[in-house]
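**Q** I have a structure I would like to understand better, so I am pasting it below and will then ask my questions one at a time.
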Protein chains: 2
Amino acid sequence: MNILIKNITLVPMDGKDEILSNMNILIENDKIKDIFKDDKDLKVDKIIDGKNKLLMPGLINSHTHTGMSIFRNYADDLPLHEWLNVAIWPLEAKLVAEDVYWASKLSIVEMIQSGTTTFSDMYFFMDETAKAVGETGIRSVLSRGIADENDPIKNAAKFDEVRKMHKDWHNAFDGRIKVMVGPHAPYTCGTDFLKECVSVAKELNTGIHIHLSETKKEVEDSFEIHELSPIEYAKEIGIFDVHTLAAHCVVLSQEDIEIIRDNNVYPVNNPGSNFKLASGFAKVDEILSKGIPMALGTDSSSSNNNLNMFEEINLAALVNKSVTEDATSVSAYQALEMATINGAKALNLQDEVGSIEVGKKADMILIDLNVSHLYPRNNLISALAYSAQGSDVDTVIIDGKIVMEDKKILNIDLNEIFSQVERIISEIPTR
Amino acid sequence: MNILIKNITLVPMDGKDEILSNMNILIENDKIKDIFKDDKDLKVDKIIDGKNKLLMPGLINSHTHTGMSIFRNYADDLPLHEWLNVAIWPLEAKLVAEDVYWASKLSIVEMIQSGTTTFSDMYFFMDETAKAVGETGIRSVLSRGIADENDPIKNAAKFDEVRKMHKDWHNAFDGRIKVMVGPHAPYTCGTDFLKECVSVAKELNTGIHIHLSETKKEVEDSFEIHELSPIEYAKEIGIFDVHTLAAHCVVLSQEDIEIIRDNNVYPVNNPGSNFKLASGFAKVDEILSKGIPMALGTDSSSSNNNLNMFEEINLAALVNKSVTEDATSVSAYQALEMATINGAKALNLQDEVGSIEVGKKADMILIDLNVSHLYPRNNLISALAYSAQGSDVDTVIIDGKIVMEDKKILNIDLNEIFSQVERIISEIPTR
């Protein structure tokens with residue numbers, strides 16, 4: 001199928017901080033075939049009028065837990081460790097596979113509606129999330145979140161589950177799913193377990209997705225146990241021998257930042273979740289200044305409490321200026337890079353997505369510019385970072401297929417998803 | 001005219017942190033006539049079905065400059081003093097009255113669409129803003145922003161302008177406009193000028209709207225010139241003898257906070273603008289803990305860059321937790337209070353608006369709950385603060401009149417506003 005998007009304002013996010021007017025984008029099957037200025041006489045299956053719209057790469061949510069949407073607004077205003085131990089983990093223990101299917105579907109719909117075309121997930125019952133990815137048309141990197149059971153037989157079973165997941169889903173749905181190995185965090189996994197994760201990642205020729213340096217407590221505990229920061233420890237035991245997606249990275253020393261710069265580690269900033277759980281302010285400006293392509297993620301909607309990447313872009317661009325006391329730090333363009341091309345690098349998908357360039361996958365979003373908060377159009381890069389809303393996303397194309405048009409998600413029954421998640425959360429406490 | 005809203009979820013914001021289901025609200029003319037649970041046989045002019053909707057008080061934007069929407073995204077990523085001196089003030093000097101009419105109208109439309117029913121403004125050409133308030137149906141407190149000209153004749157003319165503005169517009173449009181006296185800031189007004197402002201406010205039996213303690217530089221300069229903080233200085237010269245709306249209050253000492261608590265001063269937090277201009281983090285938690293009803297505002301859309309109060313609520317609820325390193329600080333309900341009842345107190349309108357109670361003005365918004373990011377409905381107070389979007393506002397009622405219904409602003413030509421502001425910003429540089 002061919003799609004021609006005509007006469008649109010383009011923000012390609014290809015490294016040049018620029019806005020191109022009156023552009024045409026030709027999509028052939030799953031790829032961007034051509035980007036051109038002047039009209040051409042082309043026979044295509046579908047034409048989209050770009051008037052009053054802006055086209056940019058689909059957003060990349062580099063760290064989330066889609067299955068947790070069931071717990072959105074469930075236990076707020078608690079610190080991370082209490083929130084996990086008292087509120088969330090006892091409920092999670094009662095989840096069944098089908099719950100994760102509906103929770104994932106709710107999360108995916110929410111992400112598509114607010115402009116996300118790729119997400120990186122870490123949770124369990126991942127077959128269910130994979131099924132939801134297949135049905136909804138979104139792109140994803142899935143990791144079965146695993147923790148050390150301190151039991152060789154149980155651990156071996158988990159690694160087999162990871163291998164099976166990779167076999168069943170890696171490259172499924174025309175390559176829309178990739179699979180990584182997902183050890184939860186150094187504080188829930190022993191050294192041998194983490195080393196085994198690296199072995200399995202090497203065996204499967206894939207990367208590691210892990211939580212690192214999220215809180216002060218985690219870093220203090222790490223020094224107490226290992227006499228190393230979580231980043232130093234991860235390097236020491238060989239995690240960074242494979243491509244590593246490191247969620248959070250809030251509490252970093254200068255040495256930690258240099259280790260990240262010099263190794264195969266891709267940090268993900270999760271400002272909404274970090275602020276809400278009082279985990280603090282990541283050194284985003286310093287990390288970006290060192291040439292590290294820090295990515296951006298929402299974390300789960302139970303600690304955020306939504307999956308709207310335009311909110312994360314806004315938080316990254318706004319709040320860091322007050323952290324550094326420098327209004328020029330983390331520019332609008334840098335914040336947009338975090339949510340697009342940096343995300344692609346973090347997920348090792350930089351050859352496929354993250355920018356609008358000929359030959360890349362056709363993952364893109366159209367923003368409706370004809371709304372009060374985007375007038376006047378003084379600078380549309382700034383407008384995207386500071387003024388735009390997830391709800392301004394009008395059309396979403398993933399892998400060359402239109403999954404949302406005129407703000408309507410195609411081929412998905414939203415009300416069924418809504419009633420299923422209401423049923424599930426009402427049932428869980430009495431299970 | 002009578003309106004009955006049936007069977008709706010109600011968050012009254014009347015001091016009790018509660019959510020009431022299946023409520024009915026009867027509006028008679030401009031007031032809330034009745035709030036009741038069981039169905040009554042009533043003859044009314046209009047019925048609104050509340051199914052899948054939530055009703056709460058209209059939001060109160062306690063500090064903005066609606067005329068500045070022309071400059072949205074115009075000069076970003078600059079610190080406050082450079083942004084004002086280099087970018088904004090030279091352009092403002094070229095504004096004509098009609099520009100402010102269209103800019104105000106753009107701002108008002110944006111505010112209504114995102115749930116604001118009352119705003120407090122400080123700018124110039126305020127007759128134009130007053131006209132826009134009249135036409136759009138919104139409620140406002142208007143202050144002609146004045147600075148010291150160091151010239152007795154010019155200053156006297158300004159005070160006469162303030163008196164005329166009060167005469168012309170105070171209580172206009174069924175009381176939808178109130179007028180305050182608006183000295184810009186202690187760093188742009190001399191002591192005698194500020195004292196004269198207080199005299200005029202007393203003469204007109206109204207309050208003062210002023211910027212106070214916005215930046216570290218302002219506070220340092222104040223100590224250098226007056227040997228007092230801006231708050232101490234304002235108290236010393238008698239500003240707090242009248243009701244004072246104090247915008248920003250970012251950089252406060254313990255003594256400053258105690259002065260605010262013990263005097264007739266109502267601070268307004270403007271997190272989006274403060275973060276973006278690198279002004280820092282207001283001590284919101286400490287201020288609220290001292291019993292001070294801190295309000296919330298967007299500041300102008302040229303330093304934010306939008307007028308979406310749901311974003312400010314989210315920022316206030318999220319970011320302060322990481323500032324205090326306490327995930328329980330500034331709860332969802334407190335953040336909502338800042339944007340409703342605290343705003344009403346700050347604007348001296350607490351008997352009229354800010355909560356849903358019988359006898360108050362019918363200023364209210366209906367939120368569409370049937371959207372992916374508000375499922376499941378575990379806690380709707382949290383959902384409003386952490387998950388909701390300005391774009392979820394479905395219906396807006398101000399002074400008993402429906403000004404937006406099903407997301408459509410009534411009786412206003414949006415495209416005319418959009419094309420006028422584009423024309424104005426294209427003309428200004430060559431004027």
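Residue names in the structure tokens use chain letters A, B, ... in the order shown, residue numbers from 1 in each chain, and ligand numbers from 1 in the order shown.
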Report the residues of region 17-110 of chain B whose backbone DSSP state falls under strand (DSSP E), written as a ChimeraX atom specification.
**A** /B:20-28,31-36,46-49,53-57,59-64
**Q** Please dump the current selection as a compact mmCIF listing (two decimals), in the first residue's frame; keep C-alpha atoms.
**A**
```txt
# COMPACT_ATOMS: atom_id res chain seq x y z
CA LEU B 20 -19.79 11.82 45.23
CA SER B 21 -21.50 9.53 42.71
CA ASN B 22 -24.84 9.92 40.97
CA MET B 23 -25.43 13.52 41.97
CA ASN B 24 -27.80 16.06 40.46
CA ILE B 25 -27.02 19.78 40.26
CA LEU B 26 -29.67 22.39 39.59
CA ILE B 27 -28.59 25.76 38.22
CA GLU B 28 -31.02 28.70 38.38
CA LYS B 31 -26.36 30.36 40.76
CA ILE B 32 -26.18 26.81 42.07
CA LYS B 33 -29.71 26.33 43.40
CA ASP B 34 -29.61 22.73 44.59
CA ILE B 35 -27.34 19.68 44.85
CA PHE B 36 -29.16 16.42 45.51
CA LYS B 46 -32.12 22.21 29.76
CA ILE B 47 -30.97 18.83 31.01
CA ILE B 48 -27.35 17.67 30.75
CA ASP B 49 -26.76 13.93 31.08
CA LYS B 53 -18.70 12.66 33.27
CA LEU B 54 -17.24 14.33 36.34
CA LEU B 55 -18.29 17.77 37.56
CA MET B 56 -15.96 20.05 39.48
CA PRO B 57 -15.59 23.80 40.05
CA LEU B 59 -10.46 26.25 37.44
CA ILE B 60 -9.07 29.59 38.57
CA ASN B 61 -5.94 30.86 36.85
CA SER B 62 -4.78 33.34 39.47
CA HIS B 63 -1.95 34.98 37.54
CA THR B 64 -1.60 35.46 33.81
```
**Q** Would you write out, as CSV, a table of all residues in chain B that have an atom no more than 7 Å from an atom of chain A, listing for each the closest atom pair and the distance in Å to one decimal, considering only C-alpha atoms and ordering rows by chain and rising residue number?
**A**
```
residue,atom,partner,partner_atom,distance
B:Ile70,CA,A:Pro376,CA,6.3
B:Arg72,CA,A:Pro376,CA,6.7
B:Asn73,CA,A:Asn379,CA,5.6
B:Tyr74,CA,A:Asn378,CA,5.4
B:Asp77,CA,A:Thr328,CA,4.5
B:Leu78,CA,A:Ala327,CA,5.1
B:Pro79,CA,A:Ala327,CA,5.0
B:Leu106,CA,A:Ser372,CA,6.5
B:Glu110,CA,A:Ser372,CA,5.5
B:Phe275,CA,A:Ser322,CA,5.0
B:Lys276,CA,A:Leu318,CA,4.8
B:Leu277,CA,A:Ala327,CA,5.2
B:Ala278,CA,A:Ser322,CA,4.1
B:Ser279,CA,A:Ser322,CA,6.1
B:Gly280,CA,A:Ser322,CA,4.7
B:Asn304,CA,A:Tyr386,CA,6.8
B:Asn305,CA,A:Ser387,CA,5.0
B:Asn306,CA,A:Ser387,CA,5.2
B:Leu318,CA,A:Lys276,CA,4.8
B:Val319,CA,A:Phe275,CA,5.2
B:Lys321,CA,A:Ala278,CA,4.9
B:Ser322,CA,A:Ala278,CA,4.1
B:Glu325,CA,A:Ala278,CA,4.9
B:Asp326,CA,A:Ala278,CA,5.5
B:Ala327,CA,A:Ala278,CA,4.8
B:Thr328,CA,A:Asp77,CA,4.6
B:Ser331,CA,A:Asp77,CA,6.5
B:Ser372,CA,A:Glu110,CA,5.5
B:His373,CA,A:Asn306,CA,5.9
B:Tyr375,CA,A:Phe418,CA,6.4
B:Pro376,CA,A:Glu422,CA,5.4
B:Asn378,CA,A:Tyr74,CA,5.3
B:Asn379,CA,A:Asn73,CA,5.6
B:Ser382,CA,A:Asn73,CA,5.7
B:Ala383,CA,A:Asn73,CA,6.1
B:Tyr386,CA,A:Asn305,CA,5.3
B:Ser387,CA,A:Asn305,CA,5.0
B:Ser391,CA,A:Ser391,CA,6.6
B:Phe418,CA,A:Tyr375,CA,6.4
B:Val421,CA,A:Pro376,CA,6.0
B:Glu422,CA,A:Pro376,CA,5.4
```
**Q** Just give me the gap between CA of Asp151 (chain A) and CA of Glu98 (chain A) in Å, one decimal is fine.
**A** 27.3 Å
**Q** Going by DSSP on the backbone, which residues of region 157-406 of chain A come out as helix (DSSP H, G or I)? List them as an MDAnalysis selection string.
**A** chainID A and resid 157:169 172:175 191:203 216:226 230:236 239:241 254:262 271:276 284:289 309:324 332:338 341:346 372:374 380:387 390:392
**Q** Could you list, as a CSV table (one decimal) with N, CA and C atoms, in the first residue's frame, every residue within 9 Å of Lys178 (chain A), counting only C-alpha atoms and ignoring same-chain residues fewer than 3 positions away?
**A**
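The resulting file, part.csv, is reproduced below:
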```
chain,number,residue,atom,x,y,z
A,139,ARG,N,4.7,-0.8,17.6
A,139,ARG,CA,6.0,-1.4,17.6
A,139,ARG,C,6.5,-1.4,19.0
A,140,SER,N,7.3,-2.5,19.4
A,140,SER,CA,7.7,-2.6,20.8
A,140,SER,C,9.0,-3.4,21.0
A,141,VAL,N,9.6,-3.2,22.1
A,141,VAL,CA,10.7,-4.0,22.5
A,141,VAL,C,10.3,-4.6,23.9
A,142,LEU,N,10.1,-5.9,23.9
A,142,LEU,CA,9.5,-6.5,25.1
A,142,LEU,C,10.6,-7.3,25.9
A,143,SER,N,10.5,-7.1,27.2
A,143,SER,CA,11.4,-7.8,28.1
A,143,SER,C,10.6,-8.4,29.2
A,166,HIS,N,11.8,-15.2,23.4
A,166,HIS,CA,12.6,-14.7,22.2
A,166,HIS,C,12.2,-15.5,21.0
A,169,TRP,N,8.5,-14.6,19.8
A,169,TRP,CA,8.1,-13.2,19.5
A,169,TRP,C,9.1,-12.3,18.9
A,170,HIS,N,10.4,-12.6,19.0
A,170,HIS,CA,11.4,-11.8,18.4
A,170,HIS,C,11.2,-11.7,16.9
A,171,ASN,N,11.1,-10.5,16.4
A,171,ASN,CA,10.8,-10.3,15.0
A,171,ASN,C,9.4,-10.6,14.5
A,172,ALA,N,8.5,-10.9,15.4
A,172,ALA,CA,7.1,-11.2,15.1
A,172,ALA,C,6.5,-10.0,14.5
A,175,GLY,N,8.5,-7.9,12.2
A,175,GLY,CA,9.6,-7.3,12.9
A,175,GLY,C,9.1,-6.2,13.9
A,206,THR,N,20.9,-10.3,21.8
A,206,THR,CA,20.1,-9.1,22.1
A,206,THR,C,20.6,-8.3,23.3
```
**Q** Report as a PyMOL selection string all protein, DNA and RNA residues lying within 10 Å of Lys290 (chain A), evaluated on only C-alpha atoms, omitting residues in the same chain fewer than 5 positions from it.
**A** chain A and resi 257-258+260-261+285
**Q** Just the residues within 8 Å of Phe159 (chain B), please, counting only C-alpha atoms, with nothing from its chain fewer than 3 positions along; format it as a PyMOL selection string.
**A** chain B and resi 155-156+162-163+197+200
**Q** Given the selection you just returned, output its residues as a file containing C-alpha atoms, formatted as a compact mmCIF listing (two decimals), in the first residue's frame.
**A**
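Below you can see selection_3.txt, which holds the result:
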```
# COMPACT_ATOMS: atom_id res chain seq x y z
CA ASN B 155 2.39 58.63 36.99
CA ALA B 156 -0.71 60.69 37.80
CA VAL B 162 -6.63 52.85 36.85
CA ARG B 163 -9.50 54.87 38.37
CA CYS B 197 -0.96 52.29 44.51
CA VAL B 200 -5.71 54.13 45.11
```
**Q** Compare B:Phe173, B:Val219, B:Lys158, B:Ile356 by their minimum atom-to-atom distance to Glu135 (chain B), counting only C-alpha atoms, and give me the closest one.
**A**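 For Glu135 (chain B), the nearest of the candidates is B:Phe173.
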**Q** Can you pull out the residues contacting region 122-131 of chain A? Cut-off 6 Å, using only C-alpha atoms, and skip same-chain residues under 3 positions away; I want them as a VMD selection string.
**A** chain A and resid 65 97 101 104 134 143 to 145
**Q** Please provide as number ranges by chain all residues within 12 Å of Pro152 (chain B), with the sequence filter that same-chain residues fewer than 5 positions apart are discarded (counting only C-alpha atoms).
**A** B: 157-159, 190, 192-193, 196
**Q** Kindly save the residues from that selection, with N, CA and C atoms included, as an mmCIF file, in the first residue's frame.
**A**
```
data_model
loop_
_atom_site.group_PDB
_atom_site.id
_atom_site.type_symbol
_atom_site.label_atom_id
_atom_site.label_comp_id
_atom_site.auth_asym_id
_atom_site.auth_seq_id
_atom_site.Cartn_x
_atom_site.Cartn_y
_atom_site.Cartn_z
ATOM 1 N N ALA B 157 -1.220 60.306 35.454
ATOM 2 C CA ALA B 157 -2.065 59.871 34.335
ATOM 3 C C ALA B 157 -2.366 58.377 34.450
ATOM 4 N N LYS B 158 -1.354 57.613 34.898
ATOM 5 C CA LYS B 158 -1.565 56.167 35.053
ATOM 6 C C LYS B 158 -2.588 55.867 36.146
ATOM 7 N N PHE B 159 -2.467 56.586 37.253
ATOM 8 C CA PHE B 159 -3.444 56.349 38.339
ATOM 9 C C PHE B 159 -4.844 56.738 37.891
ATOM 10 N N GLY B 190 8.997 52.561 42.349
ATOM 11 C CA GLY B 190 9.598 53.167 43.529
ATOM 12 C C GLY B 190 8.664 53.105 44.732
ATOM 13 N N ASP B 192 7.401 55.490 46.704
ATOM 14 C CA ASP B 192 6.268 56.426 46.680
ATOM 15 C C ASP B 192 5.183 55.953 45.725
ATOM 16 N N PHE B 193 5.631 55.426 44.588
ATOM 17 C CA PHE B 193 4.690 54.925 43.583
ATOM 18 C C PHE B 193 3.873 53.769 44.156
ATOM 19 N N GLU B 196 1.362 55.001 46.610
ATOM 20 C CA GLU B 196 0.233 55.609 45.906
ATOM 21 C C GLU B 196 -0.722 54.517 45.389
#
```
**Q** What's the separation between CA of His226 (chain A) and CA of Phe240 (chain A), in Å to one decimal place?
**A**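 That distance, rounded to one decimal, is 17.2 Å.
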**Q** Calculate how many Å separate CA of Thr191 (chain A) from CA of Ile146 (chain A), rounding to one decimal.
**A**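 CA of Thr191 (chain A) sits 13.6 Å away from CA of Ile146 (chain A).
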